[in-house]
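Source file: work21.csv (CSV, C-alpha atoms and all ligand atoms)
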chain,number,residue,atom,x,y,z
A,11,MET,CA,-120.8,164.3,108.0
A,12,ILE,CA,-119.5,161.0,106.6
A,13,ASP,CA,-116.3,161.4,108.6
A,14,THR,CA,-118.3,162.0,111.8
A,15,MET,CA,-120.3,158.9,111.2
A,16,THR,CA,-117.1,157.0,110.4
A,17,LYS,CA,-115.7,158.1,113.7
A,18,TRP,CA,-118.8,157.1,115.7
A,19,PHE,CA,-119.2,153.6,114.4
A,20,LEU,CA,-115.7,152.6,113.4
A,21,HIS,CA,-112.2,153.4,114.6
A,22,HIS,CA,-110.6,155.6,111.9
A,23,GLN,CA,-111.0,159.3,112.3
A,24,GLN,CA,-111.6,159.9,108.6
A,25,LEU,CA,-113.1,158.0,105.8
A,26,ALA,CA,-109.8,158.3,104.0
A,27,GLY,CA,-108.3,155.9,106.6
A,28,TYR,CA,-110.5,153.1,105.0
A,29,LEU,CA,-109.8,154.2,101.5
A,30,GLU,CA,-106.0,154.1,101.8
A,31,PRO,CA,-105.6,150.3,101.3
A,32,ILE,CA,-108.0,150.3,98.4
A,33,MET,CA,-106.4,153.3,96.7
A,34,GLN,CA,-102.9,151.9,97.2
A,35,ARG,CA,-103.8,149.0,95.0
A,36,PHE,CA,-104.0,151.4,92.1
A,37,LYS,CA,-101.8,154.2,93.3
A,38,PRO,CA,-98.8,153.0,95.4
A,39,ALA,CA,-98.2,155.1,98.5
A,40,TRP,CA,-101.5,157.0,98.2
A,41,ARG,CA,-102.2,158.7,101.5
A,42,ALA,CA,-104.7,161.4,102.3
A,43,GLY,CA,-102.9,164.7,102.9
A,44,PHE,CA,-99.6,163.6,101.3
A,45,TYR,CA,-98.2,164.0,97.8
A,46,ARG,CA,-96.8,160.9,96.1
A,47,ALA,CA,-93.4,160.8,94.4
A,48,GLU,CA,-91.8,158.1,92.4
A,49,VAL,CA,-88.1,157.3,92.9
A,50,ALA,CA,-86.2,158.0,89.7
A,51,CYS,CA,-82.8,157.2,91.0
A,52,ILE,CA,-81.0,156.6,94.3
A,53,GLU,CA,-77.2,156.4,94.4
A,54,PRO,CA,-74.4,156.8,96.9
A,55,ILE,CA,-72.3,159.9,96.3
A,56,ASN,CA,-69.6,158.7,98.7
A,57,GLU,CA,-69.5,156.8,102.0
A,58,LYS,CA,-71.6,159.5,103.9
A,59,TYR,CA,-74.0,160.9,101.3
A,60,LEU,CA,-76.5,159.7,98.8
A,61,GLU,CA,-78.4,161.4,96.1
A,62,LEU,CA,-82.1,160.8,95.6
A,63,TRP,CA,-84.0,162.0,92.5
A,64,LEU,CA,-87.8,162.0,92.9
A,65,ALA,CA,-90.6,162.6,90.4
A,66,PRO,CA,-93.4,164.2,92.3
A,67,GLU,CA,-97.0,163.7,91.1
A,68,SER,CA,-98.3,166.5,88.9
A,69,THR,CA,-100.3,168.2,91.6
A,70,TRP,CA,-97.2,168.9,93.7
A,71,PRO,CA,-96.7,172.7,94.0
A,72,ILE,CA,-93.3,173.7,92.5
A,73,HIS,CA,-90.8,174.7,95.1
A,74,LYS,CA,-88.7,177.9,95.3
A,75,ALA,CA,-84.9,177.6,95.4
A,76,GLY,CA,-83.8,177.2,99.1
A,77,GLN,CA,-87.0,175.4,100.3
A,78,HIS,CA,-87.2,172.0,102.0
A,79,LEU,CA,-89.7,169.2,102.1
A,80,GLU,CA,-90.7,166.3,104.4
A,81,LEU,CA,-89.9,162.9,102.9
A,82,THR,CA,-92.0,160.1,104.3
A,83,VAL,CA,-91.1,156.4,103.7
A,84,GLU,CA,-92.8,153.3,104.9
A,85,MET,CA,-90.2,151.2,106.7
A,86,ASN,CA,-91.1,147.9,108.2
A,87,GLY,CA,-94.8,148.9,108.4
A,88,GLN,CA,-94.0,152.3,110.0
A,89,LEU,CA,-94.2,155.6,108.3
A,90,ARG,CA,-91.0,157.6,109.1
A,91,THR,CA,-90.5,161.2,108.1
A,92,ARG,CA,-87.4,163.5,107.8
A,93,VAL,CA,-86.9,167.0,106.5
A,94,PHE,CA,-84.5,167.6,103.6
A,95,THR,CA,-83.6,170.7,101.6
A,96,ILE,CA,-84.2,170.4,97.9
A,97,ALA,CA,-80.8,170.5,96.1
A,98,SER,CA,-82.1,171.3,92.6
A,99,SER,CA,-83.7,174.4,91.2
A,100,PRO,CA,-87.4,175.0,90.2
A,101,GLU,CA,-86.1,175.4,86.6
A,102,GLN,CA,-84.5,172.0,86.7
A,103,TYR,CA,-87.8,170.6,88.0
A,104,ARG,CA,-89.7,172.2,85.1
A,105,ALA,CA,-87.3,170.8,82.6
A,106,SER,CA,-87.0,167.3,83.9
A,107,GLY,CA,-90.0,166.7,86.3
A,108,LEU,CA,-87.4,165.7,89.0
A,109,VAL,CA,-86.3,167.1,92.3
A,110,ARG,CA,-82.9,166.2,93.9
A,111,LEU,CA,-82.3,165.5,97.6
A,112,ILE,CA,-78.7,165.1,98.9
A,113,ILE,CA,-78.9,163.1,102.1
A,114,ARG,CA,-76.3,162.5,104.7
A,115,THR,CA,-76.6,158.9,106.0
A,116,HIS,CA,-76.2,158.5,109.7
A,117,GLU,CA,-74.9,155.1,110.4
A,118,LEU,CA,-76.9,154.5,113.6
A,119,GLY,CA,-80.0,156.5,112.4
A,120,ARG,CA,-83.5,155.0,112.1
A,121,PHE,CA,-84.1,156.5,108.6
A,122,THR,CA,-81.2,157.5,106.4
A,123,PRO,CA,-79.2,154.2,106.5
A,124,HIS,CA,-82.3,152.3,105.4
A,125,LEU,CA,-83.3,154.4,102.5
A,126,THR,CA,-81.5,152.3,99.9
A,127,THR,CA,-83.3,149.2,101.2
A,128,TYR,CA,-86.8,150.7,101.1
A,129,LEU,CA,-86.5,153.1,98.1
A,130,ALA,CA,-85.6,151.1,95.0
A,131,SER,CA,-85.8,152.8,91.6
A,132,GLU,CA,-89.4,153.2,90.5
A,133,SER,CA,-90.8,152.7,94.0
A,134,TRP,CA,-93.0,155.3,95.6
A,135,CYS,CA,-92.8,157.4,98.7
A,136,ASN,CA,-94.6,160.5,100.1
A,137,ILE,CA,-93.5,164.1,100.2
A,138,SER,CA,-95.0,167.3,101.6
A,139,ALA,CA,-95.5,170.5,99.8
A,140,PRO,CA,-92.3,172.6,99.7
A,141,GLN,CA,-91.8,174.7,102.8
A,142,GLY,CA,-89.5,177.3,104.2
A,143,THR,CA,-88.5,181.0,103.7
A,144,PHE,CA,-84.8,180.7,103.2
A,145,LEU,CA,-84.9,182.2,99.7
A,146,PHE,CA,-82.7,184.2,97.5
A,147,PRO,CA,-84.4,187.5,96.7
A,148,GLN,CA,-85.8,187.5,93.2
A,149,ARG,CA,-84.5,190.9,92.3
A,150,LYS,CA,-81.3,191.1,94.3
A,151,MET,CA,-79.8,194.6,94.4
A,152,GLY,CA,-76.4,194.0,96.0
A,153,ALA,CA,-73.6,191.5,96.8
A,154,THR,CA,-74.2,188.2,98.6
A,155,LEU,CA,-72.0,186.1,100.8
A,156,MET,CA,-73.0,182.5,101.3
A,157,VAL,CA,-71.5,180.3,104.1
A,158,ALA,CA,-72.2,176.6,103.9
A,159,GLY,CA,-71.1,173.9,106.4
A,160,GLY,CA,-71.3,170.2,105.4
A,161,SER,CA,-74.6,169.2,104.0
A,162,GLY,CA,-75.7,172.8,104.4
A,163,ILE,CA,-74.6,173.3,100.9
A,164,THR,CA,-77.9,171.9,99.5
A,165,PRO,CA,-80.1,175.1,99.6
A,166,PHE,CA,-77.2,177.0,97.9
A,167,LEU,CA,-77.0,174.5,95.1
A,168,ALA,CA,-80.6,175.2,94.3
A,169,MET,CA,-80.3,179.0,94.7
A,170,LEU,CA,-77.1,179.3,92.6
A,171,SER,CA,-78.5,177.2,89.8
A,172,GLN,CA,-81.7,179.2,89.7
A,173,HIS,CA,-80.5,182.7,90.3
A,174,LEU,CA,-76.9,183.3,89.1
A,175,GLY,CA,-78.2,184.1,85.6
A,176,GLU,CA,-80.6,186.7,87.0
A,177,THR,CA,-78.1,188.9,88.9
A,178,CYS,CA,-74.9,190.6,87.9
A,179,HIS,CA,-73.9,191.5,91.5
A,180,PRO,CA,-71.1,189.5,93.2
A,181,VAL,CA,-72.0,186.2,94.9
A,182,LYS,CA,-69.3,184.5,97.0
A,183,LEU,CA,-69.7,181.0,98.4
A,184,ILE,CA,-67.5,179.8,101.3
A,185,TYR,CA,-68.0,176.1,101.7
A,186,ILE,CA,-66.6,174.4,104.8
A,187,ALA,CA,-66.2,170.6,105.0
A,188,ARG,CA,-63.7,168.0,105.8
A,189,ALA,CA,-61.0,167.4,103.2
A,190,GLY,CA,-62.4,165.3,100.4
A,191,GLU,CA,-66.0,165.8,101.6
A,192,HIS,CA,-67.0,168.8,99.6
A,193,LEU,CA,-70.2,168.0,97.7
A,194,ALA,CA,-71.0,168.9,94.1
A,195,GLU,CA,-67.5,170.4,93.4
A,196,LYS,CA,-67.8,169.8,89.7
A,197,GLU,CA,-71.1,171.6,89.6
A,198,LEU,CA,-69.9,174.5,91.6
A,199,ASN,CA,-66.7,174.8,89.6
A,200,THR,CA,-68.8,174.8,86.4
A,201,LEU,CA,-70.9,177.7,87.7
A,202,ALA,CA,-67.8,179.6,88.8
A,203,ALA,CA,-66.3,179.2,85.2
A,204,ARG,CA,-69.6,180.3,83.6
A,205,TYR,CA,-70.5,183.3,85.8
A,206,ALA,CA,-67.7,185.9,86.4
A,207,HIS,CA,-69.6,187.4,89.3
A,208,PHE,CA,-69.7,184.1,91.2
A,209,SER,CA,-66.7,182.9,93.3
A,210,TYR,CA,-66.4,179.7,95.2
A,211,PHE,CA,-64.0,178.8,98.0
A,212,PRO,CA,-64.0,175.3,99.4
A,213,ILE,CA,-62.1,175.3,102.8
A,214,GLY,CA,-61.4,172.8,105.6
A,215,ARG,CA,-63.3,172.7,108.9
A,216,THR,CA,-60.6,174.5,110.8
A,217,ASP,CA,-59.8,177.1,108.1
A,218,PHE,CA,-62.8,179.4,108.5
A,219,GLU,CA,-61.6,182.9,109.3
A,220,PRO,CA,-63.5,185.7,110.9
A,221,LEU,CA,-66.2,186.9,108.5
A,222,THR,CA,-64.5,190.2,107.8
A,223,HIS,CA,-61.8,188.2,106.1
A,224,TYR,CA,-64.2,187.4,103.3
A,225,LEU,CA,-65.7,190.9,102.9
A,226,ASN,CA,-62.7,192.6,101.2
A,227,ASP,CA,-64.2,192.6,97.7
A,228,LEU,CA,-67.9,192.7,98.7
A,229,ASP,CA,-69.8,195.9,99.4
A,230,ALA,CA,-72.1,195.4,102.4
A,231,PRO,CA,-73.3,191.9,101.3
A,232,VAL,CA,-76.3,190.1,102.6
A,233,VAL,CA,-75.1,187.1,104.5
A,234,TYR,CA,-76.7,183.6,104.1
A,235,CYS,CA,-75.6,180.7,106.2
A,236,CYS,CA,-76.7,177.0,106.4
A,237,GLY,CA,-74.9,174.4,108.4
A,238,PRO,CA,-74.3,173.2,112.0
A,239,GLN,CA,-75.8,175.3,114.7
A,240,ALA,CA,-72.4,176.5,116.1
A,241,LEU,CA,-71.4,177.8,112.6
A,242,MET,CA,-74.7,179.7,112.2
A,243,GLU,CA,-74.4,181.3,115.6
A,244,GLN,CA,-70.8,182.4,114.8
A,245,VAL,CA,-71.7,183.8,111.4
A,246,ALA,CA,-74.9,185.5,112.8
A,247,THR,CA,-72.9,187.2,115.6
A,248,GLN,CA,-70.2,188.4,113.2
A,249,SER,CA,-72.7,189.6,110.7
A,250,ARG,CA,-74.5,191.7,113.3
A,251,ALA,CA,-71.1,193.1,114.5
A,252,ALA,CA,-70.4,194.1,110.9
A,253,ASN,CA,-73.9,195.6,110.5
A,254,LEU,CA,-74.8,193.2,107.7
A,255,SER,CA,-78.2,191.6,107.0
A,256,TYR,CA,-78.2,187.9,108.0
A,257,PHE,CA,-80.4,184.9,107.1
A,258,ASP,CA,-80.0,181.3,108.1
A,259,GLU,CA,-81.6,177.9,107.7
A,260,PRO,CA,-81.4,175.5,110.6
A,261,PHE,CA,-81.4,171.8,109.8
A,262,GLY,CA,-84.8,170.2,110.6
A,263,LEU,CA,-86.9,170.6,113.7
A,264,ALA,CA,-84.7,169.0,116.2
A,265,THR,CA,-82.1,171.7,116.1
A,266,GLN,CA,-84.7,174.3,117.1
A,267,ILE,CA,-85.9,172.4,120.2
A,268,ASN,CA,-84.6,173.6,123.5
A,269,LEU,CA,-85.3,170.6,125.7
A,270,ALA,CA,-84.3,172.3,129.0
A,271,GLU,CA,-86.8,175.2,128.9
A,272,ARG,CA,-90.5,174.9,129.5
A,273,THR,CA,-92.4,175.3,126.3
A,274,GLU,CA,-96.1,175.2,125.5
A,275,HIS,CA,-97.7,173.3,122.6
A,276,ALA,CA,-101.1,172.5,121.1
A,277,VAL,CA,-102.3,168.9,120.9
A,278,LYS,CA,-105.0,168.4,118.3
A,279,VAL,CA,-107.4,165.5,119.0
A,280,ALA,CA,-110.1,165.2,116.3
A,281,HIS,CA,-111.4,168.7,116.0
A,282,HIS,CA,-110.3,170.0,119.4
A,283,GLN,CA,-107.1,171.5,120.6
A,284,TYR,CA,-105.6,171.3,124.0
A,285,ALA,CA,-102.7,173.3,125.5
A,286,VAL,CA,-99.9,171.2,127.0
A,287,ASP,CA,-96.3,171.8,128.0
A,288,ASN,CA,-93.1,169.8,127.4
A,289,GLN,CA,-92.6,168.9,131.1
A,290,ARG,CA,-95.3,166.4,131.9
A,291,SER,CA,-96.7,163.4,130.1
A,292,LEU,CA,-99.3,163.8,127.5
A,293,LEU,CA,-101.5,161.4,129.4
A,294,ASP,CA,-101.5,163.4,132.6
A,295,GLN,CA,-102.2,166.6,130.8
A,296,LEU,CA,-105.0,165.3,128.6
A,297,GLU,CA,-106.7,163.6,131.6
A,298,GLN,CA,-106.4,166.9,133.5
A,299,GLN,CA,-108.4,168.5,130.7
A,300,ARG,CA,-111.0,165.8,130.8
A,301,VAL,CA,-110.1,164.2,127.5
A,302,SER,CA,-111.3,160.7,127.3
A,303,VAL,CA,-108.0,158.7,127.2
A,304,ARG,CA,-107.3,155.2,128.4
A,305,ARG,CA,-105.0,154.7,131.3
A,306,GLY,CA,-103.5,151.4,132.6
A,307,CYS,CA,-100.2,151.1,134.3
A,308,GLY,CA,-99.1,154.7,133.7
A,309,MET,CA,-95.5,153.5,133.3
A,310,GLY,CA,-95.2,152.5,129.6
A,311,ILE,CA,-95.8,148.7,130.3
A,312,CYS,CA,-99.4,147.8,129.5
A,313,HIS,CA,-99.8,149.8,126.2
A,314,GLN,CA,-103.4,150.7,127.1
A,315,CYS,CA,-102.7,154.3,126.4
A,316,GLN,CA,-101.2,153.6,123.0
A,317,CYS,CA,-102.5,155.8,120.2
A,318,VAL,CA,-101.5,157.1,116.7
A,319,LYS,CA,-99.5,160.3,116.5
A,320,LYS,CA,-100.3,161.8,113.1
A,321,GLN,CA,-97.7,164.5,113.2
A,322,GLY,CA,-95.4,166.5,115.4
A,323,LEU,CA,-92.5,165.5,117.6
A,324,VAL,CA,-92.7,163.9,121.0
A,325,ARG,CA,-90.0,162.9,123.4
A,326,ASP,CA,-89.9,159.5,125.2
A,327,MET,CA,-89.5,160.4,128.9
A,328,ARG,CA,-87.7,157.1,129.5
A,329,THR,CA,-84.9,157.3,126.9
A,330,GLY,CA,-85.0,161.0,125.9
A,331,GLU,CA,-85.4,159.9,122.3
A,332,LEU,CA,-87.2,162.2,119.9
A,333,SER,CA,-89.9,160.7,117.6
A,334,ASP,CA,-90.1,161.2,113.9
A,335,ALA,CA,-92.2,164.1,112.7
A,336,GLY,CA,-94.7,161.9,110.9
A,337,GLU,CA,-97.1,159.1,111.8
A,338,SER,CA,-96.2,156.6,114.5
A,339,LEU,CA,-97.6,154.8,117.5
A,340,ILE,CA,-97.0,156.4,120.9
A,341,GLN,CA,-97.7,155.6,124.5
A,342,LEU,CA,-99.3,158.7,126.0
A,343,CYS,CA,-98.1,158.0,129.6
A,344,VAL,CA,-94.4,158.1,128.7
A,345,VAL,CA,-94.1,160.9,126.1
A,346,GLN,CA,-94.0,164.7,126.3
A,347,ALA,CA,-94.9,167.0,123.4
A,348,VAL,CA,-91.9,169.1,122.1
A,349,THR,CA,-93.8,170.6,119.2
A,350,ASP,CA,-97.5,171.0,118.3
A,351,VAL,CA,-98.8,167.4,117.9
A,352,GLU,CA,-101.9,165.8,116.3
A,353,ILE,CA,-103.1,162.5,117.7
A,354,THR,CA,-105.9,160.0,116.9
A,355,LEU,CA,-107.3,158.3,120.0
B,401,LIG,S1,-100.8,153.4,130.6
B,401,LIG,FE1,-99.8,151.6,130.5
B,401,LIG,S2,-98.4,151.9,128.9
B,401,LIG,FE2,-99.4,153.8,129.2
Target format C-alpha cells, applied to this file:
Amino acid sequence: MIDTMTKWFLHHQQLAGYLEPIMQRFKPAWRAGFYRAEVACIEPINEKYLELWLAPESTWPIHKAGQHLELTVEMNGQLRTRVFTIASSPEQYRASGLVRLIIRTHELGRFTPHLTTYLASESWCNISAPQGTFLFPQRKMGATLMVAGGSGITPFLAMLSQHLGETCHPVKLIYIARAGEHLAEKELNTLAARYAHFSYFPIGRTDFEPLTHYLNDLDAPVVYCCGPQALMEQVATQSRAANLSYFDEPFGLATQINLAERTEHAVKVAHHQYAVDNQRSLLDQLEQQRVSVRRGCGMGICHQCQCVKKQGLVRDMRTGELSDAGESLIQLCVVQAVTDVEITL
C-alpha cells in the first residue's frame, strides 16, 4: 500500500528508492534487494588477472562450490554488474568470512579495468545470492575428469578445495592456458601432493588432445568443463561420443545469447509483464501493447523515452553493444531486449 502511494505521488516505484540515500549514510552501498560486501583485499595476480576477497554481510546465504554471483559496483554514478564464479570453497568462507573472486581484466572493458579504482580495501559493493547448478556431487561414486580453459579454472578451485577430502575416487584436472598464465599453480600442486587420488596437468593452448587421450586411467568418468565456448562444445561432443556424462558452465549471460535468432522475453513494468521479442525496439513493442511510455524522436536523440532498467540485458540497436545486467539508464526507442528485463518508467 505504501509502495502504491509512493508510486502515485512521487517518481520512485518503491519506498526503498527514497530510503537508499538515508540508509547509505549508515550502511555504505545499502540497496534494496542486494547484499552488501566489504572489500577485504584487491590485488593483481599478474597483468591479466586480479584477486578480490570480499566479506559478505552476515545474511548472505553461503554458496556451494562451483556457484557464481553477480558483483555490482558503483562506477561514476552508474551501477555496473558482472557475473563471476566464486573461486573459494564454502569451508573457506565459514573459516574466514571471506569469498574469493579471480577476475580477468579486459583492457577495453567498462568494468574490470576500473575495479582497482572503485574498490579500495574496506570499501563496499553489492553482491547477489550465490547462483548456479555447476556443482560437484556431494557423494560422488566414480571418477571425475575436469577440463578448464583460462579463467574457467575458478569453479574447479572451489570444488577441489571443498570436495577432494570427501572422495577417494580419481579426480583428474586438465588445465589449458597460455604458457605462464596458469592460475593458482601453487595451490593446485599442493592439492596434488596432499591427495593421491588427484592429478593435475597444466597444458598449453594448442596441446589439448582428443578427450580419449585423458581417459586411460579413469573408469567412465563424469566430465566437467568450464572455459571458452569452443572448448566446451568440443569437450561436450567428445564426451557424448565416448558415452560419458557431461556438465559445463558457460561464462556469464552474454555467451548464451544468440543474437541472430528471434527470441522472446518478458519485460516487467511495475507489477505487469509484457511479452517482447529481440527484433524490435522496446518502445515500439510496449506502445503496441498500450503501455504508457513517452515517445519523442524515436531515434535516440531527444531522450524522452529514457527510463531505468533495473535488471536484464538489452542491446543498443545503433551500436550492437550489450548493456550490463544490472541497473542503468536506457532509451527505449533504440534498445531491444535480449533477456527478460525489468524497467521502471
Ligand atoms: S524517443 Fe527520442 S530518444 Fe527515444
Closest-contact table, chain A side, partner ligand LIG 401 (chain B), 9 Å, counting only C-alpha atoms and all ligand atoms, as JSON lines:
{"residue": "A:Leu293", "atom": "CA", "partner": "B:LIG401", "partner_atom": "FE2", "distance": 7.9}
{"residue": "A:Arg304", "atom": "CA", "partner": "B:LIG401", "partner_atom": "S1", "distance": 7.1}
{"residue": "A:Arg305", "atom": "CA", "partner": "B:LIG401", "partner_atom": "S1", "distance": 4.5}
{"residue": "A:Gly306", "atom": "CA", "partner": "B:LIG401", "partner_atom": "S1", "distance": 3.9}
{"residue": "A:Cys307", "atom": "CA", "partner": "B:LIG401", "partner_atom": "FE1", "distance": 3.9}
{"residue": "A:Gly308", "atom": "CA", "partner": "B:LIG401", "partner_atom": "S1", "distance": 3.8}
{"residue": "A:Met309", "atom": "CA", "partner": "B:LIG401", "partner_atom": "FE1", "distance": 5.5}
{"residue": "A:Gly310", "atom": "CA", "partner": "B:LIG401", "partner_atom": "S2", "distance": 3.3}
{"residue": "A:Ile311", "atom": "CA", "partner": "B:LIG401", "partner_atom": "S2", "distance": 4.4}
{"residue": "A:Cys312", "atom": "CA", "partner": "B:LIG401", "partner_atom": "FE1", "distance": 3.9}
{"residue": "A:His313", "atom": "CA", "partner": "B:LIG401", "partner_atom": "S2", "distance": 3.7}
{"residue": "A:Gln314", "atom": "CA", "partner": "B:LIG401", "partner_atom": "FE1", "distance": 5.0}
{"residue": "A:Cys315", "atom": "CA", "partner": "B:LIG401", "partner_atom": "FE2", "distance": 4.4}
{"residue": "A:Gln316", "atom": "CA", "partner": "B:LIG401", "partner_atom": "FE2", "distance": 6.5}
{"residue": "A:Gln341", "atom": "CA", "partner": "B:LIG401", "partner_atom": "FE2", "distance": 5.3}
{"residue": "A:Leu342", "atom": "CA", "partner": "B:LIG401", "partner_atom": "FE2", "distance": 5.9}
{"residue": "A:Cys343", "atom": "CA", "partner": "B:LIG401", "partner_atom": "FE2", "distance": 4.4}
{"residue": "A:Val344", "atom": "CA", "partner": "B:LIG401", "partner_atom": "FE2", "distance": 6.6}
Would you save the residues from that selection as a PDB file, in the coordinates of the input, using C-alpha atoms?
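Result file follows (part.pdb):
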ATOM      1  CA  LEU A 293    -101.500 161.400 129.400  1.00  0.00           C
ATOM      2  CA  ARG A 304    -107.300 155.200 128.400  1.00  0.00           C
ATOM      3  CA  ARG A 305    -105.000 154.700 131.300  1.00  0.00           C
ATOM      4  CA  GLY A 306    -103.500 151.400 132.600  1.00  0.00           C
ATOM      5  CA  CYS A 307    -100.200 151.100 134.300  1.00  0.00           C
ATOM      6  CA  GLY A 308     -99.100 154.700 133.700  1.00  0.00           C
ATOM      7  CA  MET A 309     -95.500 153.500 133.300  1.00  0.00           C
ATOM      8  CA  GLY A 310     -95.200 152.500 129.600  1.00  0.00           C
ATOM      9  CA  ILE A 311     -95.800 148.700 130.300  1.00  0.00           C
ATOM     10  CA  CYS A 312     -99.400 147.800 129.500  1.00  0.00           C
ATOM     11  CA  HIS A 313     -99.800 149.800 126.200  1.00  0.00           C
ATOM     12  CA  GLN A 314    -103.400 150.700 127.100  1.00  0.00           C
ATOM     13  CA  CYS A 315    -102.700 154.300 126.400  1.00  0.00           C
ATOM     14  CA  GLN A 316    -101.200 153.600 123.000  1.00  0.00           C
ATOM     15  CA  GLN A 341     -97.700 155.600 124.500  1.00  0.00           C
ATOM     16  CA  LEU A 342     -99.300 158.700 126.000  1.00  0.00           C
ATOM     17  CA  CYS A 343     -98.100 158.000 129.600  1.00  0.00           C
ATOM     18  CA  VAL A 344     -94.400 158.100 128.700  1.00  0.00           C
TER      19      VAL A 344
END
Distance criterion (all atoms listed in the file): nearest to Tyr103 of chain A out of A:Asp287, A:Glu337, A:Glu274, A:Glu67: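 Result for the nearest residue to Tyr103 of chain A: A:Glu67.
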Just the residues within 9 Å of segment 166-177 of chain A, please, counting only C-alpha atoms, with nothing from its chain fewer than 2 positions along; format it as number ranges by chain. A: 74-77, 96-102, 145-152, 156, 158, 162-164, 179-181, 183, 194, 197-198, 201, 205, 207-208, 236
Do you have the atom CA of Met33 of chain A-atom CA of Val279 of chain A distance handy?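 Answer for the atom CA of Met33 of chain A to atom CA of Val279 of chain A separation: 25.4 Å.
Atom pair atom CA of Ala335 of chain A / atom CA of Gly322 of chain A: separated by 4.8 Å.
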Take atom CA of Arg188 of chain A and atom CA of Phe121 of chain A and report the distance between them in Å, one decimal. 23.6 Å
Identify, on the basis of all atoms listed in the file, every residue whose closest approach to segment 250-257 of chain A does not exceed 10 Å; exclude the query and any residue fewer than 5 positions from it along the same chain; express the result as a ChimeraX atom specification. /A:143-146,154-156,221-222,225,230-236,242,245
Under the rule that only C-alpha atoms are counted, which of A:Asn226, A:Gln346, A:Ser106, A:Ser338 is the nearest residue to Val318 of chain A?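 Between A:Asn226, A:Gln346, A:Ser106, A:Ser338, the residue approaching Val318 of chain A most closely is A:Ser338.
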Spatial neighbours of Ser333 of chain A, max dist 8 Å, only C-alpha atoms, sep filter under 2 positions, as a list of chain:residue names: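 Near neighbours after the sequence-gap exclusion: A:Leu323, A:Val324, A:Arg325, A:Asp326, A:Glu331, A:Ala335.
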So which one's closest to Lys37 of chain A, A:Phe218, A:Trp134, A:Trp70, A:Tyr284? Using all atoms listed in the file, please.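 Distance minimum relative to Lys37 of chain A lands on A:Trp134.
For the residues A:Ile52, A:Tyr210, A:Gln295, A:Gly336, ranking by smallest atom-to-atom distance to Glu195 of chain A using all atoms listed in the file places A:Tyr210 first.
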Which polymer residues, protein or nucleic acid, are no farther than 8 Å from (-77.5, 177.7, 114.4), counting all atoms listed in the file, as a PyMOL selection string? chain A and resi 237-243+258-260+265
